[in-house]
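Asker: work_1.txt is reproduced below (compact mmCIF, C-alpha atoms).
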# COMPACT_ATOMS: atom_id res chain seq x y z
CA MET I 1 41.81 151.28 64.45
CA ARG I 2 44.13 152.16 67.33
CA GLY I 3 46.41 149.44 68.61
CA THR I 4 45.96 147.14 65.60
CA VAL I 5 47.77 146.57 62.34
CA LEU I 6 46.03 145.44 59.17
CA MET I 7 47.77 142.53 57.47
CA LEU I 8 47.42 141.39 53.86
CA LEU I 9 47.54 137.65 53.15
CA VAL I 10 48.84 136.85 49.70
CA SER I 11 47.91 133.37 48.48
CA GLY I 12 50.83 130.93 48.84
CA VAL I 13 52.91 133.43 50.80
CA ALA I 14 53.81 133.26 54.53
CA CYS I 15 52.36 136.03 56.59
CA SER I 16 52.72 137.39 60.08
CA ASP I 17 50.16 136.18 62.56
CA PRO I 18 49.17 139.16 64.71
CA ALA I 19 48.16 136.88 67.57
CA SER I 20 51.58 135.27 67.98
CA GLY I 21 53.98 137.47 66.07
CA THR I 22 55.18 134.42 64.10
CA PHE I 23 55.12 133.45 60.45
CA VAL I 24 52.24 131.26 59.28
CA CYS I 25 52.38 128.90 56.32
CA GLU I 26 50.33 126.42 54.35
CA LEU I 27 53.01 124.72 52.23
CA PRO I 28 56.73 123.97 52.79
CA GLU I 29 57.66 126.46 50.08
CA ASP I 30 55.99 129.20 52.08
CA CYS I 31 59.05 129.15 54.41
CA THR I 32 62.59 130.26 53.55
CA SER I 33 65.64 127.97 53.54
CA GLY I 34 66.48 126.78 57.02
CA TYR I 35 62.87 126.76 58.18
CA ALA I 36 60.13 124.12 58.05
CA CYS I 37 56.35 124.49 57.87
CA VAL I 38 55.11 122.77 61.02
CA GLU I 39 51.53 123.01 62.24
CA GLY I 40 50.96 126.15 60.17
CA ARG I 41 54.10 127.95 61.39
CA CYS I 42 57.59 128.43 59.96
CA LEU I 43 59.99 126.95 62.54
CA GLN I 44 63.78 127.02 62.38
CA ARG I 45 65.37 123.67 61.48
CA CYS I 46 67.98 122.25 63.93
CA SER I 47 70.00 119.17 64.79
CA ASP I 48 70.77 120.00 68.45
CA HIS I 49 69.76 122.48 71.14
CA GLY I 50 72.78 124.67 70.50
CA GLU I 51 71.41 125.78 67.13
CA CYS I 52 68.28 127.30 68.69
CA SER I 53 68.68 130.88 69.84
CA ALA I 54 65.77 130.25 72.19
CA GLY I 55 63.86 127.13 73.18
CA THR I 56 65.02 123.60 72.43
CA CYS I 57 65.52 121.35 69.42
CA VAL I 58 62.63 118.89 69.20
CA ALA I 59 62.10 116.55 66.23
CA GLY I 60 64.40 118.60 64.02
CA VAL I 61 62.89 122.05 64.65
CA CYS I 62 63.33 124.72 67.34
CA ARG I 63 60.38 124.87 69.67
CA ALA I 64 59.87 127.44 72.39
CA SER I 65 60.37 126.32 75.98
CA SER I 66 57.34 128.39 76.94
CA ALA I 67 54.70 130.51 75.28
CA GLY I 68 56.76 133.64 75.74
CA SER I 69 60.04 132.39 74.22
CA MET I 70 59.34 132.22 70.51
CA THR I 71 61.91 134.84 69.55
CA GLY I 72 64.64 133.39 67.37
CA ASP I 73 62.89 130.05 66.89
CA VAL I 74 60.13 131.12 64.54
CA GLY I 75 60.16 133.11 61.36
CA GLY I 76 61.47 132.38 57.90
CA GLY I 77 58.54 133.62 55.85
CA SER I 78 58.85 132.97 52.10
CA GLY I 79 60.98 135.35 50.08
CA ASN I 80 58.02 135.82 47.69
CA ALA I 81 56.76 138.60 49.93
CA THR I 82 57.56 142.26 49.67
CA SER I 83 60.32 143.31 52.02
CA GLY I 84 58.67 145.51 54.50
CA ALA I 85 57.55 145.86 58.04
CA VAL I 86 55.08 147.57 60.23
CA SER I 87 56.03 149.50 63.30
CA SER I 88 53.29 149.08 65.86
CA SER I 89 52.90 150.84 69.13
CA SER I 90 50.21 151.66 71.60
CA GLY I 91 49.78 154.97 69.81
CA GLY I 92 48.31 153.33 66.69
CA VAL I 93 49.40 152.74 63.12
CA GLY I 94 51.29 155.94 62.63
CA SER I 95 54.88 155.92 61.26
CA SER I 96 54.50 152.34 60.17
CA ALA I 97 57.14 152.13 57.43
CA ALA I 98 59.55 153.98 55.24
CA VAL I 99 59.05 153.75 51.47
CA SER I 100 62.15 153.29 49.34
CA SER I 101 62.84 155.30 46.22
CA SER I 102 62.17 152.25 44.08
CA GLY I 103 58.65 152.10 45.38
CA GLY I 104 58.98 148.96 47.51
CA THR I 105 58.35 149.01 51.20
CA ALA I 106 61.69 148.98 53.02
CA GLY I 107 62.76 149.16 56.60
CA SER I 108 62.80 147.21 59.78
CA THR I 109 59.88 146.16 61.86
CA SER I 110 60.08 147.39 65.39
CA SER I 111 57.44 145.92 67.68
CA SER I 112 57.22 146.50 71.40
CA SER I 113 55.25 143.27 71.84
CA SER I 114 57.49 140.81 70.00
CA SER I 115 61.01 140.95 68.53
CA ALA I 116 59.99 138.22 66.09
CA ALA I 117 58.32 140.93 64.00
CA SER I 118 61.79 142.29 63.19
CA SER I 119 62.19 139.56 60.57
CA SER I 120 61.24 140.38 56.96
CA SER I 121 57.60 139.54 56.28
CA ALA I 122 55.05 139.27 53.50
CA VAL I 123 52.93 141.87 55.20
CA SER I 124 52.76 145.52 54.19
CA SER I 125 50.45 148.35 55.00
CA ALA I 126 50.67 149.39 51.34
CA THR I 127 52.19 147.00 48.78
CA VAL I 128 53.73 149.11 46.02
CA GLY I 129 56.46 148.82 43.44
CA SER I 130 57.40 146.45 40.67
CA SER I 131 58.03 142.71 40.89
CA SER I 132 61.74 143.31 40.48
CA SER I 133 61.72 145.47 43.59
CA SER I 134 59.83 142.74 45.44
CA SER I 135 62.26 140.11 44.24
CA ALA I 136 65.24 142.16 45.30
CA GLY I 137 63.67 142.67 48.69
CA SER I 138 62.96 138.98 49.16
CA SER I 139 66.49 138.06 48.16
CA SER I 140 67.75 140.43 50.80
CA THR I 141 65.34 138.88 53.30
CA ALA I 142 66.50 135.33 52.60
CA SER I 143 70.11 136.40 52.91
CA SER I 144 69.39 138.18 56.17
CA SER I 145 67.47 135.19 57.53
CA SER I 146 70.24 132.78 56.56
CA SER I 147 72.88 135.06 58.04
CA SER I 148 70.89 135.40 61.25
CA SER I 149 70.43 131.63 61.50
CA SER I 150 74.12 131.01 60.84
CA SER I 151 75.15 133.62 63.37
CA SER I 152 72.83 132.15 65.99
CA SER I 153 74.15 128.65 65.36
CA SER I 154 77.76 129.83 65.51
CA SER I 155 77.17 131.77 68.71
CA SER I 156 75.43 128.81 70.34
CA SER I 157 78.18 126.42 69.29
CA SER I 158 80.86 128.75 70.59
CA SER I 159 79.04 129.12 73.89
CA SER I 160 78.70 125.36 74.23
CA SER I 161 82.40 124.83 73.52
CA GLY I 162 83.32 127.50 76.00
CA ASP I 163 81.23 125.90 78.72
CA MET I 164 82.69 122.41 78.33
CA GLY I 165 86.24 123.17 77.22
CA GLU I 166 88.66 120.75 75.64
CA ASP I 167 89.16 117.31 77.20
CA TRP I 168 92.50 116.21 75.78
CA ASP I 169 92.75 112.92 77.69
CA GLU I 170 89.05 112.09 77.15
CA ASP I 171 88.42 111.20 80.79
CA GLY I 172 85.21 113.24 81.04
CA THR I 173 86.75 116.24 82.85
CA PRO I 174 87.54 119.41 80.83
CA ASP I 175 91.22 120.35 80.81
CA ALA I 176 90.51 123.56 82.75
CA LEU I 177 89.17 121.45 85.65
CA ASP I 178 91.27 118.29 85.19
CA ASN I 179 93.93 117.70 87.86
CA CYS I 180 95.82 115.57 85.31
CA PRO I 181 94.86 117.12 81.94
CA GLU I 182 97.24 114.93 79.92
CA ASP I 183 96.60 111.64 81.76
CA PHE I 184 93.38 109.61 81.77
CA ASN I 185 92.04 109.71 85.35
CA PRO I 186 88.23 109.67 85.51
CA SER I 187 88.23 109.49 89.33
CA GLN I 188 90.32 112.69 89.71
CA HIS I 189 91.62 111.19 92.98
CA ASP I 190 94.16 113.37 94.79
CA GLU I 191 95.50 111.57 97.86
CA ASP I 192 97.68 114.40 99.19
CA ASP I 193 95.26 117.25 98.30
CA ASP I 194 97.88 119.28 96.43
CA ASP I 195 95.62 119.81 93.37
CA VAL I 196 97.70 117.35 91.31
CA GLY I 197 95.94 114.02 90.70
CA ASP I 198 97.54 110.75 91.82
CA THR I 199 97.93 109.61 88.21
CA CYS I 200 100.37 112.37 87.28
CA ASP I 201 101.74 113.42 90.71
CA ASN I 202 105.47 112.72 91.10
CA CYS I 203 104.85 112.43 94.87
CA PRO I 204 101.23 111.23 95.14
CA GLY I 205 101.38 110.68 98.90
CA VAL I 206 103.24 113.87 99.87
CA PRO I 207 101.90 117.36 99.06
CA ASN I 208 104.04 119.11 96.42
CA ALA I 209 101.90 121.33 94.25
CA ASP I 210 105.00 122.71 92.49
CA GLN I 211 106.09 119.16 91.47
CA ALA I 212 109.70 120.25 92.08
CA ASN I 213 112.27 117.75 90.82
CA LEU I 214 115.52 119.67 90.81
CA GLY I 215 117.78 117.41 92.86
CA ASP I 216 118.35 114.63 90.34
CA PHE I 217 115.77 115.07 87.51
CA ASP I 218 114.53 111.48 87.73
CA GLU I 219 110.83 110.54 87.77
CA VAL I 220 110.37 111.06 91.53
CA GLY I 221 109.74 114.52 93.00
CA ASP I 222 112.10 116.03 95.55
CA ALA I 223 109.46 115.93 98.31
CA CYS I 224 109.39 112.11 98.43
CA ASP I 225 112.53 110.96 96.58
CA PRO I 226 114.35 108.31 98.69
CA ARG I 227 117.62 109.51 97.11
CA PRO I 228 116.94 113.16 96.19
CA GLN I 229 120.47 113.84 94.94
CA ARG I 230 120.87 110.64 92.92
CA SER I 231 119.00 109.81 89.75
CA GLY I 232 117.46 106.56 88.59
CA ASP I 233 114.62 106.12 91.10
CA GLU I 234 111.11 105.29 89.93
CA LEU I 235 107.66 105.10 91.50
CA VAL I 236 106.52 101.62 90.46
CA PHE I 237 103.35 101.25 92.53
CA PHE I 238 100.90 103.46 94.39
CA ASP I 239 97.68 102.48 96.15
CA ALA I 240 95.55 105.25 97.68
CA PHE I 241 92.98 102.70 98.93
CA ALA I 242 90.27 104.69 97.16
CA GLY I 243 86.82 103.21 97.02
CA ASN I 244 85.49 100.51 99.32
CA SER I 245 87.34 97.33 98.43
CA LEU I 246 90.87 95.99 98.69
CA HIS I 247 92.65 95.44 95.38
CA PRO I 248 92.67 91.70 94.56
CA ARG I 249 96.47 91.58 94.22
CA TRP I 250 96.77 92.11 97.96
CA TYR I 251 96.46 89.04 100.17
CA THR I 252 96.37 88.82 103.95
CA VAL I 253 98.15 86.69 106.54
CA GLY I 254 96.13 87.15 109.73
CA GLY I 255 94.51 90.33 110.93
CA ASN I 256 91.31 92.03 109.83
CA TRP I 257 92.01 94.22 106.79
CA TRP I 258 89.35 96.23 104.94
CA VAL I 259 88.97 99.41 102.88
CA SER I 260 86.46 102.23 103.34
CA ASP I 261 86.42 106.03 103.37
CA ASP I 262 89.59 106.22 101.30
CA VAL I 263 91.78 104.35 103.83
CA LEU I 264 92.89 100.81 104.68
CA HIS I 265 91.79 99.67 108.14
CA GLN I 266 93.37 96.97 110.30
CA SER I 267 91.13 96.35 113.30
CA SER I 268 92.65 93.25 114.91
CA ASP I 269 95.03 93.22 117.88
CA GLU I 270 96.67 90.10 116.51
CA VAL I 271 100.45 89.75 116.64
CA GLY I 272 102.16 89.89 113.26
CA ALA I 273 99.19 90.46 110.90
CA ARG I 274 100.45 91.02 107.35
CA LEU I 275 99.17 92.36 104.04
CA VAL I 276 101.33 91.32 101.07
CA HIS I 277 101.23 92.28 97.39
CA ASP I 278 101.58 89.19 95.22
CA SER I 279 102.98 90.77 92.04
CA ILE I 280 105.54 93.40 93.09
CA GLN I 281 109.04 91.98 92.94
CA VAL I 282 111.65 94.68 93.63
CA GLU I 283 114.92 93.93 95.43
CA ASP I 284 116.40 97.43 95.80
CA VAL I 285 113.32 99.19 97.05
CA VAL I 286 111.74 101.71 99.41
CA VAL I 287 108.20 101.15 100.67
CA GLU I 288 106.42 104.21 102.08
CA THR I 289 103.12 104.49 103.93
CA ARG I 290 101.25 106.84 106.25
CA VAL I 291 100.10 105.14 109.46
CA VAL I 292 97.41 106.51 111.76
CA PRO I 293 97.30 104.57 115.06
CA VAL I 294 93.75 104.15 116.35
CA ASP I 295 94.09 102.06 119.48
CA PHE I 296 96.70 100.14 121.46
CA THR I 297 95.66 96.95 123.23
CA SER I 298 98.91 95.75 124.78
CA THR I 299 102.64 96.26 124.45
CA PRO I 300 104.84 96.27 122.56
CA ASN I 301 102.88 97.27 119.47
CA HIS I 302 103.82 98.65 116.08
CA ALA I 303 102.88 99.08 112.41
CA GLY I 304 104.73 99.77 109.18
CA PRO I 305 105.96 98.43 105.84
CA VAL I 306 107.75 95.12 105.15
CA PHE I 307 110.23 94.60 102.30
CA ARG I 308 112.70 92.04 100.94
CA LEU I 309 110.02 89.63 102.05
CA ASP I 310 110.07 85.96 101.11
CA ASP I 311 106.55 85.15 102.14
CA ASP I 312 106.93 81.39 101.69
CA GLU I 313 109.08 81.55 104.79
CA GLY I 314 107.86 84.86 106.21
CA THR I 315 111.35 86.33 106.33
CA GLY I 316 112.35 89.89 105.52
CA TRP I 317 112.70 93.39 106.90
CA LEU I 318 110.18 95.43 108.87
CA CYS I 319 110.27 99.20 109.51
CA VAL I 320 107.74 100.46 112.07
CA VAL I 321 106.53 103.26 114.24
CA ALA I 322 106.33 101.60 117.67
CA HIS I 323 104.56 102.38 120.90
CA GLN I 324 105.73 100.90 124.19
CA TYR I 325 104.79 101.31 127.83
CA SER I 326 107.56 101.14 130.37
CA VAL I 327 108.34 103.43 133.25
CA PHE I 328 107.77 106.24 130.81
CA ALA I 329 105.51 105.97 127.81
CA SER I 330 107.64 106.21 124.69
CA GLY I 331 107.49 106.04 120.95
CA SER I 332 110.23 104.91 118.62
CA VAL I 333 111.23 104.12 115.06
CA GLU I 334 112.39 100.52 114.81
CA LEU I 335 113.95 98.25 112.21
CA HIS I 336 113.15 94.55 112.74
CA ASP I 337 114.16 91.37 110.96
CA LEU I 338 111.44 88.79 110.49
CA GLN I 339 112.04 85.04 110.70
CA ASP I 340 109.15 82.74 109.86
CA GLY I 341 106.81 85.69 110.23
CA THR I 342 108.01 86.51 113.73
CA SER I 343 110.01 89.55 114.77
CA ASN I 344 113.30 88.86 116.50
CA GLY I 345 113.20 92.28 118.09
CA ALA I 346 114.63 95.53 116.88
CA ASP I 347 117.94 95.30 115.03
CA ALA I 348 118.14 99.06 115.32
CA GLU I 349 115.96 101.62 116.98
CA SER I 350 115.81 105.26 117.96
CA SER I 351 113.43 107.23 120.15
CA LEU I 352 110.93 109.54 118.60
CA PHE I 353 110.73 113.12 119.75
CA SER I 354 107.48 112.34 121.56
CA ASP I 355 105.18 109.46 122.36
CA VAL I 356 103.11 107.86 119.60
CA GLN I 357 99.72 109.55 119.63
CA PRO I 358 96.43 107.95 118.59
CA LEU I 359 94.91 109.44 115.41
CA HIS I 360 98.16 111.21 114.56
CA PRO I 361 99.54 110.40 111.08
CA TYR I 362 103.11 109.08 110.79
CA ARG I 363 104.93 108.83 107.47
CA VAL I 364 106.94 105.61 107.66
CA SER I 365 109.35 104.35 104.99
CA GLY I 366 111.69 101.40 104.91
CA GLY I 367 113.98 100.12 102.21
CA ILE I 368 117.15 98.41 101.13
CA SER I 369 119.75 98.87 98.42
CA GLY I 370 122.51 96.31 98.25
CA ASN I 371 123.26 95.64 101.89
CA GLN I 372 122.25 99.07 103.17
CA VAL I 373 118.99 98.92 105.13
CA LEU I 374 117.13 102.12 106.04
CA CYS I 375 114.10 102.92 108.20
CA SER I 376 112.52 106.35 108.68
CA VAL I 377 109.61 107.90 110.56
CA GLY I 378 109.26 111.49 109.48
CA SER I 379 112.72 113.05 109.55
CA LEU I 380 114.14 110.50 112.00
CA THR I 381 116.17 107.79 110.22
CA ILE I 382 118.09 104.70 111.33
CA GLN I 383 120.35 102.60 109.11
CA THR I 384 122.26 99.35 109.23
CA SER I 385 124.19 97.00 106.92
CA ASP I 386 122.87 93.51 106.30
CA ASN I 387 122.27 91.38 103.19
CA ARG I 388 120.89 88.19 104.71
CA PHE I 389 117.47 88.39 102.97
CA SER I 390 116.95 87.81 99.25
CA GLY I 391 113.16 88.04 98.90
CA ALA I 392 111.52 90.77 96.81
CA GLN I 393 107.92 91.06 98.00
CA VAL I 394 106.53 94.09 99.81
CA GLY I 395 103.61 94.77 102.13
CA LEU I 396 102.45 96.01 105.53
CA ARG I 397 102.55 94.56 109.03
CA SER I 398 100.65 95.27 112.22
CA SER I 399 101.17 93.88 115.70
CA ARG I 400 98.90 94.56 118.71
CA MET I 401 97.87 97.84 117.16
CA MET I 402 94.68 98.90 115.46
CA GLU I 403 95.40 101.48 112.78
CA ARG I 404 94.65 103.02 109.41
CA PHE I 405 97.00 103.07 106.45
CA GLU I 406 96.28 105.99 104.13
CA TYR I 407 98.38 104.87 101.13
CA VAL I 408 101.30 102.69 100.02
CA ALA I 409 104.01 103.86 97.60
CA VAL I 410 106.77 101.59 96.25
CA TYR I 411 109.94 103.06 94.74
CA ALA I 412 112.48 101.07 92.73
CA LEU I 413 115.96 102.42 93.49
CA GLY I 414 118.58 103.14 90.84
CA GLY I 415 121.59 102.69 93.15
CA PRO I 416 122.87 102.83 96.75
CA PHE I 417 121.58 105.22 99.41
Would you write out, as structure tokens, the structure that this file holds?
Answerer:
Amino acid sequence: MRGTVLMLLVSGVACSDPASGTFVCELPEDCTSGYACVEGRCLQRCSDHGECSAGTCVAGVCRASSAGSMTGDVGGGSGNATSGAVSSSSGGVGSSAAVSSSGGTAGSTSSSSSSAASSSSAVSSATVGSSSSSSAGSSSTASSSSSSSSSSSSSSSSSSSGDMGEDWDEDGTPDALDNCPEDFNPSQHDEDDDDVGDTCDNCPGVPNADQANLGDFDEVGDACDPRPQRSGDELVFFDAFAGNSLHPRWYTVGGNWWVSDDVLHQSSDEVGARLVHDSIQVEDVVVETRVVPVDFTSTPNHAGPVFRLDDDEGTGWLCVVAHQYSVFASGSVELHDLQDGTSNGADAESSLFSDVQPLHPYRVSGGISGNQVLCSVGSLTIQTSDNRFSGAQVGLRSSRMMERFEYVAVYALGGPF
């Protein structure tokens, strides 16, 4: 008959099912090693999806995702069958198989309707030859099936490994995508957007993708090092204000402080509102922040870091970007001393190149080493000598200004400026 292939079913031997192109079975031994007899079919055994060349691993066997995806998941007919295959085409049964010199049916099945028929089967259009020939053929079939299964599993495993990649620090991000591949940082937070995560960035608040540290070879990058030509400095604290809550080690003295959208907000026009960290105790220190003024309510107003603070008395140093209205609107960098939480005015000040602008970011840093006190806004720096304060706390201060603070970095200094 044209378009059909006659199949012989040998008792106890798996056979091809012309309706599905798969191997049918009655007993477990009807299927070769690596396959299981499930619902009358030989299905490939598996322990995870990666071992299935098609479909998915369900209850220990590969099952097709759809009716048309059986290839690679089914097969494994028993090696008791004669090695042989039938080539079927729309033209009929012609040229079905090549006969080996030993008399057994040899060759590959080539079917235009299903590639599953390419596996060795117990079906032959003419079963000939001795049992030894059949045995040899089945041995070859089992070996081929095992090799195919192993190759499929290996290929799938390799593909899976290639997709995920190695995750050396076990933070859930593959090394190829991890912005700190050797440091555990599940959040992948990158405050300065330089493609180096905060956890491993030697200047987490200042963009420096090259991580250059050629000036003094300490632990602080050249882009943010308070003493770029002198070694011994260390970044001891960094808060990017990520998330939506203030870290519990911060406490407030006045003001309205809150965290959202990756920044710290201060929305009160109160005079002298402070945010203080209760566990950082560094005497020779630089505190750096980025201030974004939002609104000015009255003058004078300012915002910036405090240091050498003894918060029991509210004394210490304050470095700020300040905005004042006089005959001409002006902006300045100012260094203040605080007594009982109140500023006594600027001990030193210098005009900025232009007025302080709302929503413009200003990098402000203030610090002290020995009796040398320093205050900077951008590249503009003022300095004085004074050792009257002995506190070691750090924080932020705002007065008559509503603003955002994008981060705080604290550096312990290894020597004088």
Asker: Using all atoms listed in the file, which residues sit within 6 Å of range 391-400 of chain I once same-chain residues fewer than 2 positions away are excluded, as an NGL selection string?
Answerer: :I and (269-277 or 280-283 or 301-310 or 389)
Asker: Take every atom of range 245-255 of chain I listed in the file, pad by 8 Å on each side, and give me the axis-aligned box centre and edge lengths in Å, one decimal, as JSON.
Answerer:
{"center_x": 92.7, "center_y": 92.0, "center_z": 102.6, "size_x": 26.8, "size_y": 26.6, "size_z": 32.7}
Asker: Please provide the set of residues having any atom within 6 Å of Pro358 in chain I, restricted to all atoms listed in the file, with same-chain residues fewer than 2 positions apart removed, written as a VMD selection string.
Answerer: chain I and resid 293 to 294 360
Asker: Out of I:Ser187, I:Gln324, I:Ser332, I:Ser379, which residue has the shortest atom-to-atom distance to Cys224 in chain I when counting all atoms listed in the file?
Answerer: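 Of the candidates, the smallest distance to Cys224 in chain I is held by I:Ser379.
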Asker: Arg290 in chain I: which residues within 10 Å, counting all atoms listed in the file, same-chain residues fewer than 2 positions away excluded, as a PyMOL selection string?
Answerer: chain I and resi 205-206+288+292-293+304-305+360-365+377-378+404-409
Asker: Give one line per residue of range 171-218 of chain I that approaches range 236-256 of chain I to at most 10 Å, naming the two atoms of the closest pair and their distance in Å to one decimal, counting all atoms listed in the file; sort by chain then ascending residue number and deliver it as a Markdown table.
Answerer:
| residue | atom | partner | partner_atom | distance |
| --- | --- | --- | --- | --- |
| I:Ser187 | CA | I:Ala242 | CA | 9.4 |
| I:His189 | CA | I:Ala242 | CA | 7.8 |
| I:Asp190 | CA | I:Ala240 | CA | 8.7 |
| I:Glu191 | CA | I:Ala240 | CA | 6.3 |
| I:Asp192 | CA | I:Ala240 | CA | 9.5 |
| I:Asp198 | CA | I:Ala240 | CA | 8.3 |
| I:Thr199 | CA | I:Phe238 | CA | 9.2 |
| I:Cys203 | CA | I:Phe238 | CA | 9.8 |
| I:Pro204 | CA | I:Phe238 | CA | 7.8 |
| I:Gly205 | CA | I:Ala240 | CA | 8.1 |
Asker: Kindly export the residues of the current selection with C-alpha atoms, as an mmCIF file, keeping the file's coordinate frame.
Answerer:
data_model
loop_
_atom_site.group_PDB
_atom_site.id
_atom_site.type_symbol
_atom_site.label_atom_id
_atom_site.label_comp_id
_atom_site.auth_asym_id
_atom_site.auth_seq_id
_atom_site.Cartn_x
_atom_site.Cartn_y
_atom_site.Cartn_z
ATOM 1 C CA SER I 187 88.230 109.490 89.330
ATOM 2 C CA HIS I 189 91.620 111.190 92.980
ATOM 3 C CA ASP I 190 94.160 113.370 94.790
ATOM 4 C CA GLU I 191 95.500 111.570 97.860
ATOM 5 C CA ASP I 192 97.680 114.400 99.190
ATOM 6 C CA ASP I 198 97.540 110.750 91.820
ATOM 7 C CA THR I 199 97.930 109.610 88.210
ATOM 8 C CA CYS I 203 104.850 112.430 94.870
ATOM 9 C CA PRO I 204 101.230 111.230 95.140
ATOM 10 C CA GLY I 205 101.380 110.680 98.900
#
Asker: By how many Å are CA of Gly34 in chain I and CA of Cys46 in chain I apart?
Answerer: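 Rounded to one decimal, the two atoms are 8.4 Å apart.
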Asker: Closest to Ala36 in chain I among I:Leu214, I:Val61, I:Val24, I:Cys375, using all atoms listed in the file?
Answerer: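 For Ala36 in chain I, the nearest of the given residues is I:Val61.
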Asker: What separation in Å, quoted to one decimal, exists between CA of Val287 in chain I and CA of Thr299 in chain I?
Answerer: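 One can read the CA of Val287 in chain I to CA of Thr299 in chain I distance as 24.9 Å.
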Asker: Taking into account only C-alpha atoms, which residue in the set I:Glu403, I:Glu334, I:Asp216, I:Asp194 is nearest to Val291 in chain I?
Answerer: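 Going through I:Glu403, I:Glu334, I:Asp216, I:Asp194 one by one, the smallest distance to Val291 in chain I is for I:Glu403.
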Asker: Within 7 Å of range 335-343 of chain I, counting all atoms listed in the file, which residues qualify if same-chain residues fewer than 3 places away don't, as a ChimeraX atom specification?
Answerer: /I:272,313-320,346-349,375
Asker: Using CA of Gly232 in chain I and CA of Gly215 in chain I as the two end points, give the distance in Å to one decimal.
Answerer: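 So the two atoms, CA of Gly232 in chain I and CA of Gly215 in chain I, lie 11.7 Å apart.
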Asker: Which residues are near Trp257 in chain I? Cut-off 7 Å, all atoms listed in the file, ignore same chain within fewer than 4 positions. Put them as a PyMOL selection string.
Answerer: chain I and resi 264-267
